[in-house]
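The structure appears below as structure tokens.
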Amino acid sequence: MSPQLLEVNNLKVYHGTRTVPVRAVDGVSFAVKQGEILGLAGESGCGKSTLATGILKIITPPTYIAGGEVLFRGKNLLTMSEKEIRSIRWRHIALLPQASMNALNPVMKIHSQIKDGMRAHKVENPEGKSENYIEMLLRSVALSPRVAKDYACELSGGMRQRAIIAMALAVRPDLIIADEPTSALDVVVQRGVLEMLVDSKEKLGSSVLLISHDIAIISEVADRLAIIYAGKIIEIQKIIDIFDEPLHPYTQGLIASVPSLQKKRIPKSIPGLPPDLRNPPAGCRFYPRCQHAKDVCRKEEPELEEIEPGKYVACYSSS
Amino acid sequence: MEVRNVTKTFPLGGLISRKYVTAVENVSLTIPENRQVIITLAGESGSGKTTIANMIMGFTKPSSGEILFRGENIWMMNREERRDYRKKVQAVFQDPFESLNPFYRIRHVLMGPIKKLKLANSQTEAIKLARESLLDVNLDPDEVLDKYPHQLSGGQRQRAMLARVFLIKPNLLIADEPVSMIDVSLRAGVLNIIKNLEKEYEMSCLYVTHDLSTAYSISDYIMILYLGSVMEEGNFGTVIKDPRHPYVRTLIDSIPQPNPKSRWKGKVRLQDIEIARLERITGCKFHNRCPEAMPICSRETPPLTDLDNDHKAACHLYA
């Protein structure tokens with residue numbers, strides 16, 4: 001029995017266009033273990049949000065799965081029937097999409113939506129009366145219990161985002177895929193929400209796939225960190241290791257570009273821009289921006305390899 | 001520039017409604033004449049920082065208090081003085097897309113001020129000036145001049161806006177979240193330009209943001225707002241290392257740092273944060289969330305008190 005809760009193997013998710021497809025996720029492989037928080041970091045256009053929806057097959061044309069598999073407890077989600085995968089979504093794997101604030105029914109009261117979700121996914125309320133449970137959930141995302149009686153359209157964007165998080169946690173999923181869960185939230189609320197995700201790991205044993213462009217928030221809560229660049233995973237390490245010794249030049253550049261209150265300096269930039277994924281280069285996708293580039297990098301794309309136990313990198317310079 | 005005891009209230013509801021929200025309350029700040037500074041005006045959503053920036057720009061009028069430029073109240077200036085003021089105080093905003101006409105190439109964006117301010121005597125000279133201004137912001141004129149805004153990256157657009165600002169040569173730049181829409185690994189360019197304003201252009205900058213980590217990299221003085229009032233201000237390094245106001249302490253403690261060996265300690269207790277912003281809070285704006293609140297805090301607004309050199313806090317603990 002695989003110890004991995006979620007195993008993504010060579011997943012490809014493309015966006016069709018009139019000409020060539022945009023290869024947004026182009027052969028991504030990684031695993032999320034039971035009871036861990038895996039951070040997935042990348043910048044604009046790296047494919048992280050497409051990955052989030054692709055994993056649960058919540059994609060609409062022109063986006064399509066172009067290959068690979070997504071194993072949840074050993075079963076491939078991509079080959080399941082719609083009925084089967086629906087029983088997995090939300091109950092076992094909850095997705096907190098970007099701009100979650102728009103996922104709520106604007107004309108439904110909050111408590112109804114939470115109860116609805118729980119009922120639909122047959123979640124038993126362990127605390128007894130659902131009113132108390134809902135109150136507790138709302139408090140845990142810093143919402144007043146009064147909010148339960150509000151319509152979603154009456155809440156601010158930040159409040160709606162927190163309500164969605166409360167709803168996802170109400171169902172006690174095995175895996176939470178959180179795509180930029182704290183964008184547009186104030187700093188202290190952000191910390192509270194992230195601590196909630198840590199709580200769900202420590203107290204409920206849930207795993208979290210935390211997707212963000214913000215390396216700082218990932219470093220505060222994640223156990224491991226995977227870096228995605230131009231549709232590919234280029235490094236995965238334990239969180240302390242990756243900060244101590246980032247292996248891939250892009251990872252090094254990314255970490256050097258994050259400002260810190262502990263050291264006053266203007267962070268560095270990575271020169272250049274990511275490639276156009278309609279026409280990705282033949283070799284390494286980071287080649288044009290890489291200071292350590294060699295000839296082989298231009299010709300042949302490096303594979304993601306486990307160079308030491310737990311350390312994965314796709315780079316000729318570090319292998 | 002002197003912002004003197006400025007308050008701004010906005011009316012709510014219809015014609016006969018007596019309700020109003022106080023966006024800014026009794027805020028004062030000074031930008032000195034003969035030396036260049038980068039002052040950070042920091043705060044989260046609803047703090048009033050953008051309203052203050054708008055009042056300095058003259059977009060909206062204070063309800064009480066004054067905005068003085070070289071001793072003159074900007075709302076008492078005649079048309080010519082106003083026009084001169086608009087040249088001396090320029091702004092860059094978060095989304096350069098909003099400030100750029102999508103139908104015009106960058107060439108047009110730069111030629112505008114060159115022609116209007118009669119900065120060149122001939123077309124040839126004008127183009128030379130435009131090209132130089134782009135080089136000043138590390139943009140390749142051959143690459144950028146004939147492009148439309150959507151053909152540039154976020155960072156390039158902001159730098160084009162800064163090139164335009166430098167042609168106008170204001171005394172003060174108001175930068176409202178200038179890098180928040182740019183990928184972290186691509187921000188250094190814009191930050192370096194703003195940092196060099198002091199030395200190369202003899203310009204001061206009011207840096208308006210919620211992102212303290214980024215601001216700290218270029219700014220030496222910070223003023224932190226909460227719900228329209230100043231909570232704490234002073235030398236940036238001092239405020240970071242020794243925050244005195246309870247709000248500021250929790251805020252700084254909760255800013256995520258890219259250092260997995262030194263994570264958040266303890267848990268932040270999220271009390272009911274989403275207080276109705278429409279409710280008028282008597283006394284200190286933070287008292288209902290403050291762990292150290294005393295009875296006086298709900299009755300009287302704390303004065304901004306001097307703590308040490310260059311460090312002030314508005315809190316009854318120190319009054």
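Chains: A, B, ... in order of the structure tokens. Residues: from 1 per chain. Ligands: from 1, in order shown.
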Extract, using only C-alpha atoms, all DNA, RNA and protein residues at most 6 Å from region 49-66 of chain A, discarding same-chain residues fewer than 5 positions from it, and format them as an MDAnalysis selection string.
chainID A and resid 12:16
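Every chain A residue lying within 6 Å of chain B, based on only C-alpha atoms, is listed here: Ala142, Leu143, Ser144, Val188, Ala216, Ile217, Ser219, Glu220, Ile240, Leu254, Ser257, Pro259, Ser260, Leu261, Lys264, Arg265, Ile266, Lys268, Ser269 and Ile270 of chain A.
Proximity to Tyr201 (chain B) was assessed for B:Gln36, B:Ser180, B:Gln158, B:Thr30 counting only C-alpha atoms; the smallest distance is recorded for B:Gln36.
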What lies within 12 Å of region 103-119 of chain A using only C-alpha atoms, ignoring chain neighbours under 4 positions off, as an NGL selection string?
:A and (89-91 or 94-99 or 123-126 or 129-138 or 143-157 or 159-173)
Save the residues we just selected, N, CA and C atoms, as a compact mmCIF listing (two decimals), in the first residue's frame?
```txt
# COMPACT_ATOMS: atom_id res chain seq x y z
N ARG A 89 -14.26 14.45 -4.46
CA ARG A 89 -14.14 15.91 -4.36
C ARG A 89 -14.86 16.42 -3.14
N TRP A 90 -14.24 17.33 -2.48
CA TRP A 90 -14.74 18.00 -1.29
C TRP A 90 -14.69 17.08 -0.07
N ARG A 91 -15.24 15.89 -0.14
CA ARG A 91 -15.28 15.01 1.02
C ARG A 91 -13.87 14.51 1.37
N ALA A 94 -10.47 18.58 -0.79
CA ALA A 94 -11.17 19.86 -0.92
C ALA A 94 -10.27 20.85 -1.64
N LEU A 95 -10.84 21.52 -2.59
CA LEU A 95 -10.07 22.54 -3.31
C LEU A 95 -10.51 23.92 -2.85
N LEU A 96 -9.56 24.71 -2.39
CA LEU A 96 -9.85 26.11 -2.11
C LEU A 96 -9.28 26.89 -3.28
N PRO A 97 -10.10 27.21 -4.26
CA PRO A 97 -9.54 27.84 -5.45
C PRO A 97 -9.13 29.27 -5.20
N GLN A 98 -8.34 29.80 -6.10
CA GLN A 98 -8.00 31.21 -6.05
C GLN A 98 -9.27 32.01 -6.18
N ALA A 99 -9.30 33.16 -5.55
CA ALA A 99 -10.52 33.96 -5.60
C ALA A 99 -11.71 33.14 -5.15
N VAL A 123 -21.18 14.29 6.14
CA VAL A 123 -20.26 14.47 7.25
C VAL A 123 -21.05 14.46 8.54
N GLU A 124 -20.66 13.59 9.43
CA GLU A 124 -21.31 13.56 10.73
C GLU A 124 -20.75 14.69 11.55
N ASN A 125 -21.60 15.38 12.26
CA ASN A 125 -21.09 16.44 13.10
C ASN A 125 -20.67 15.86 14.45
N PRO A 126 -19.39 15.81 14.69
CA PRO A 126 -18.91 15.18 15.91
C PRO A 126 -19.23 15.97 17.17
N LYS A 129 -24.73 19.44 18.15
CA LYS A 129 -25.58 20.41 17.46
C LYS A 129 -24.80 21.15 16.38
N SER A 130 -25.34 21.18 15.18
CA SER A 130 -24.61 21.78 14.08
C SER A 130 -24.43 23.27 14.27
N GLU A 131 -25.35 23.92 15.00
CA GLU A 131 -25.21 25.36 15.21
C GLU A 131 -23.90 25.67 15.94
N ASN A 132 -23.60 24.90 16.96
CA ASN A 132 -22.36 25.15 17.72
C ASN A 132 -21.13 24.88 16.88
N TYR A 133 -21.24 23.84 16.06
CA TYR A 133 -20.11 23.49 15.22
C TYR A 133 -19.84 24.59 14.21
N ILE A 134 -20.91 25.10 13.64
CA ILE A 134 -20.77 26.17 12.66
C ILE A 134 -20.19 27.42 13.32
N GLU A 135 -20.65 27.68 14.53
CA GLU A 135 -20.14 28.84 15.26
C GLU A 135 -18.63 28.71 15.48
N MET A 136 -18.24 27.49 15.89
CA MET A 136 -16.82 27.24 16.14
C MET A 136 -15.99 27.39 14.88
N LEU A 137 -16.53 26.88 13.78
CA LEU A 137 -15.83 27.00 12.51
C LEU A 137 -15.66 28.45 12.10
N LEU A 138 -16.71 29.22 12.25
CA LEU A 138 -16.62 30.62 11.86
C LEU A 138 -15.63 31.37 12.74
N LEU A 143 -14.41 34.95 12.01
CA LEU A 143 -15.68 35.54 11.61
C LEU A 143 -16.62 35.48 12.80
N SER A 144 -17.37 36.55 12.97
CA SER A 144 -18.33 36.55 14.06
C SER A 144 -19.43 35.52 13.77
N PRO A 145 -19.89 34.79 14.79
CA PRO A 145 -20.99 33.84 14.58
C PRO A 145 -22.21 34.48 13.94
N ARG A 146 -22.32 35.82 14.07
CA ARG A 146 -23.46 36.52 13.43
C ARG A 146 -23.45 36.30 11.93
N VAL A 147 -22.25 36.10 11.40
CA VAL A 147 -22.09 35.95 9.96
C VAL A 147 -22.86 34.75 9.41
N ALA A 148 -23.11 33.76 10.28
CA ALA A 148 -23.84 32.57 9.84
C ALA A 148 -25.17 32.94 9.21
N LYS A 149 -25.77 34.02 9.72
CA LYS A 149 -27.10 34.39 9.23
C LYS A 149 -27.04 35.37 8.06
N ASP A 150 -25.82 35.74 7.66
CA ASP A 150 -25.68 36.68 6.55
C ASP A 150 -25.72 35.95 5.22
N TYR A 151 -26.12 36.71 4.19
CA TYR A 151 -26.01 36.20 2.83
C TYR A 151 -24.58 36.43 2.37
N ALA A 152 -24.11 35.56 1.51
CA ALA A 152 -22.72 35.67 1.06
C ALA A 152 -22.45 37.02 0.41
N CYS A 153 -23.43 37.57 -0.28
CA CYS A 153 -23.20 38.85 -0.97
C CYS A 153 -23.06 40.01 0.00
N GLU A 154 -23.41 39.79 1.27
CA GLU A 154 -23.28 40.87 2.24
C GLU A 154 -21.88 40.95 2.84
N LEU A 155 -21.09 39.93 2.60
CA LEU A 155 -19.76 39.90 3.21
C LEU A 155 -18.71 40.50 2.28
N SER A 156 -17.63 41.00 2.87
CA SER A 156 -16.54 41.52 2.04
C SER A 156 -15.79 40.34 1.42
N GLY A 157 -14.95 40.63 0.44
CA GLY A 157 -14.17 39.59 -0.23
C GLY A 157 -13.37 38.74 0.73
N MET A 159 -13.87 38.28 3.89
CA MET A 159 -14.75 37.49 4.75
C MET A 159 -15.26 36.25 4.01
N ARG A 160 -15.58 36.44 2.73
CA ARG A 160 -16.06 35.29 1.96
C ARG A 160 -14.98 34.25 1.80
N GLN A 161 -13.76 34.72 1.62
CA GLN A 161 -12.66 33.77 1.49
C GLN A 161 -12.54 32.94 2.76
N ARG A 162 -12.69 33.60 3.88
CA ARG A 162 -12.59 32.86 5.14
C ARG A 162 -13.77 31.92 5.33
N ALA A 163 -14.94 32.31 4.86
CA ALA A 163 -16.12 31.44 4.98
C ALA A 163 -15.90 30.16 4.18
N ILE A 164 -15.32 30.32 3.00
CA ILE A 164 -15.06 29.14 2.16
C ILE A 164 -14.09 28.19 2.85
N ILE A 165 -13.09 28.77 3.49
CA ILE A 165 -12.13 27.94 4.20
C ILE A 165 -12.84 27.18 5.32
N ALA A 166 -13.73 27.89 6.01
CA ALA A 166 -14.49 27.24 7.08
C ALA A 166 -15.31 26.08 6.53
N MET A 167 -15.91 26.29 5.37
CA MET A 167 -16.72 25.24 4.77
C MET A 167 -15.87 24.04 4.37
N ALA A 168 -14.68 24.32 3.84
CA ALA A 168 -13.82 23.20 3.44
C ALA A 168 -13.41 22.39 4.65
N LEU A 169 -13.09 23.07 5.74
CA LEU A 169 -12.64 22.35 6.93
C LEU A 169 -13.79 21.63 7.61
N ALA A 170 -15.03 22.10 7.40
CA ALA A 170 -16.20 21.46 8.01
C ALA A 170 -16.31 20.02 7.57
N VAL A 171 -15.88 19.75 6.37
CA VAL A 171 -16.05 18.41 5.81
C VAL A 171 -14.91 17.48 6.21
N ARG A 172 -13.90 18.05 6.85
CA ARG A 172 -12.74 17.26 7.30
C ARG A 172 -12.13 16.39 6.20
N PRO A 173 -11.65 17.02 5.15
CA PRO A 173 -11.10 16.23 4.04
C PRO A 173 -9.75 15.63 4.39
```
Pairwise distance for CA of Ala160 (chain B) and CA of Pro178 (chain B), rounded to one decimal in Å:
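Rounded to one decimal, the two atoms are 12.2 Å apart.
Between CA of Arg280 (chain B) and CA of Ser28 (chain B) the separation is 21.0 Å.
Considering the residues A:Leu277, A:Cys315, A:Ala293, A:Val193 and counting only C-alpha atoms, Arg23 (chain A) has its shortest atom-to-atom contact with A:Leu277.
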In region 232-315 of chain B, DSSP strand (DSSP E or B) residues written as a VMD selection string
chain B and resid 232 to 235 304 to 308 311 to 314
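For the choices A:Asp174, A:Lys311, A:Ile255, A:Ile227, the atom-to-atom distance to Ser200 (chain A) is smallest for A:Asp174 when using only C-alpha atoms.
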Given only C-alpha atoms as the counted atoms, nearest of A:Phe286, A:Val221, A:Val141, A:Lys232 to Glu202 (chain A)
A:Val221
Output as a PyMOL selection string all residues of region 2-149 of chain B that backbone DSSP marks as helix (DSSP H, G or I).
chain B and resi 49-56+74-76+79-88+96-99+106-116+123-136+141-144+149
Output for the residues just chosen: C-alpha atoms as a compact mmCIF listing (two decimals), in the first residue's frame:
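Once everything was written out, this is part-v8.txt:
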```txt
# COMPACT_ATOMS: atom_id res chain seq x y z
CA LYS B 49 -3.41 55.12 3.45
CA THR B 50 -4.72 55.39 -0.10
CA THR B 51 -7.14 58.13 0.95
CA ILE B 52 -4.20 60.09 2.34
CA ALA B 53 -2.29 59.59 -0.92
CA ASN B 54 -5.34 60.77 -2.86
CA MET B 55 -5.59 63.88 -0.72
CA ILE B 56 -1.93 64.69 -1.26
CA ILE B 74 -3.06 73.20 -2.06
CA TRP B 75 -6.78 73.84 -1.99
CA MET B 76 -6.20 77.58 -1.92
CA ARG B 79 -5.08 77.40 -11.43
CA GLU B 80 -1.52 78.07 -12.38
CA GLU B 81 -0.17 77.18 -8.96
CA ARG B 82 -2.27 74.01 -9.06
CA ARG B 83 -0.85 73.03 -12.41
CA ASP B 84 2.65 73.61 -11.11
CA TYR B 85 1.80 71.49 -8.07
CA ARG B 86 0.66 68.64 -10.25
CA LYS B 87 4.06 68.65 -11.94
CA LYS B 88 5.93 68.72 -8.67
CA PRO B 96 0.04 50.40 -14.50
CA PHE B 97 -2.58 49.10 -16.88
CA GLU B 98 -5.04 51.50 -15.35
CA SER B 99 -2.81 54.48 -15.98
CA ILE B 106 5.01 53.64 -25.05
CA ARG B 107 6.52 56.23 -27.37
CA HIS B 108 3.34 58.22 -27.07
CA VAL B 109 3.31 57.91 -23.28
CA LEU B 110 6.72 59.57 -23.12
CA MET B 111 6.30 62.14 -25.87
CA GLY B 112 3.26 63.50 -24.05
CA PRO B 113 5.08 65.16 -21.17
CA ILE B 114 8.06 66.06 -23.38
CA LYS B 115 5.82 68.09 -25.65
CA LYS B 116 3.59 69.52 -22.94
CA GLN B 123 11.36 66.16 -32.75
CA THR B 124 14.83 64.63 -32.90
CA GLU B 125 15.71 65.98 -29.49
CA ALA B 126 12.39 64.79 -28.14
CA ILE B 127 13.00 61.23 -29.26
CA LYS B 128 16.49 61.34 -27.84
CA LEU B 129 15.07 62.39 -24.48
CA ALA B 130 12.48 59.63 -24.61
CA ARG B 131 15.15 57.05 -25.35
CA GLU B 132 17.34 58.30 -22.52
CA SER B 133 14.50 58.17 -20.05
CA LEU B 134 13.97 54.51 -20.91
CA LEU B 135 17.65 53.73 -20.52
CA ASP B 136 17.49 55.40 -17.11
CA PRO B 141 14.34 51.79 -26.15
CA ASP B 142 14.53 49.73 -29.31
CA GLU B 143 12.54 47.01 -27.64
CA VAL B 144 10.01 49.11 -25.80
CA PRO B 149 1.28 48.28 -22.81
```
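Close contacts of Ser229 (chain B), defined as residues with an atom at most 10 Å away when counting only C-alpha atoms, with chain neighbours fewer than 5 positions off set aside, comprise B:Thr7, B:Thr22, B:Ala23, B:Val24, B:Glu25, B:Asn26, B:Val27, B:Ser28, B:Gly43, B:Ser47, B:Gly48, B:Lys49, B:Ile224, B:Cys284, B:Lys285, B:Phe286, B:Thr301, B:Leu304, B:Ala314.
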Dump as an mmCIF file, in the first residue's frame, selection limited to C-alpha atoms:
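Okay, part.cif is ready:
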```
data_model
loop_
_atom_site.group_PDB
_atom_site.id
_atom_site.type_symbol
_atom_site.label_atom_id
_atom_site.label_comp_id
_atom_site.auth_asym_id
_atom_site.auth_seq_id
_atom_site.Cartn_x
_atom_site.Cartn_y
_atom_site.Cartn_z
ATOM 1 C CA THR B 7 -9.371 64.085 8.646
ATOM 2 C CA THR B 22 -14.126 58.184 8.943
ATOM 3 C CA ALA B 23 -11.478 57.021 6.538
ATOM 4 C CA VAL B 24 -8.694 59.186 7.946
ATOM 5 C CA GLU B 25 -8.591 60.756 11.376
ATOM 6 C CA ASN B 26 -6.222 63.466 12.483
ATOM 7 C CA VAL B 27 -3.160 62.365 10.542
ATOM 8 C CA SER B 28 -0.081 64.534 10.215
ATOM 9 C CA GLY B 43 -1.475 49.938 6.689
ATOM 10 C CA SER B 47 -6.305 51.892 7.088
ATOM 11 C CA GLY B 48 -6.843 55.067 5.074
ATOM 12 C CA LYS B 49 -3.407 55.117 3.453
ATOM 13 C CA ILE B 224 1.651 52.640 10.457
ATOM 14 C CA CYS B 284 -8.581 54.093 20.495
ATOM 15 C CA LYS B 285 -9.479 52.413 17.210
ATOM 16 C CA PHE B 286 -7.823 49.204 18.334
ATOM 17 C CA THR B 301 -8.250 58.698 21.754
ATOM 18 C CA LEU B 304 0.728 60.344 19.552
ATOM 19 C CA ALA B 314 -0.455 56.478 19.922
#
```
Go ahead and compute the interatomic distance for CA of Arg249 (chain B) and CA of Gly46 (chain B), in Å to one decimal.
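Distance between the two atoms: 18.7 Å.
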Distance query region 32-34 of chain B at most 10 Å, only C-alpha atoms, self and fewer than 6 positions along chain excluded, as a ChimeraX atom specification:
/B:1-2,69-70,171,202,204
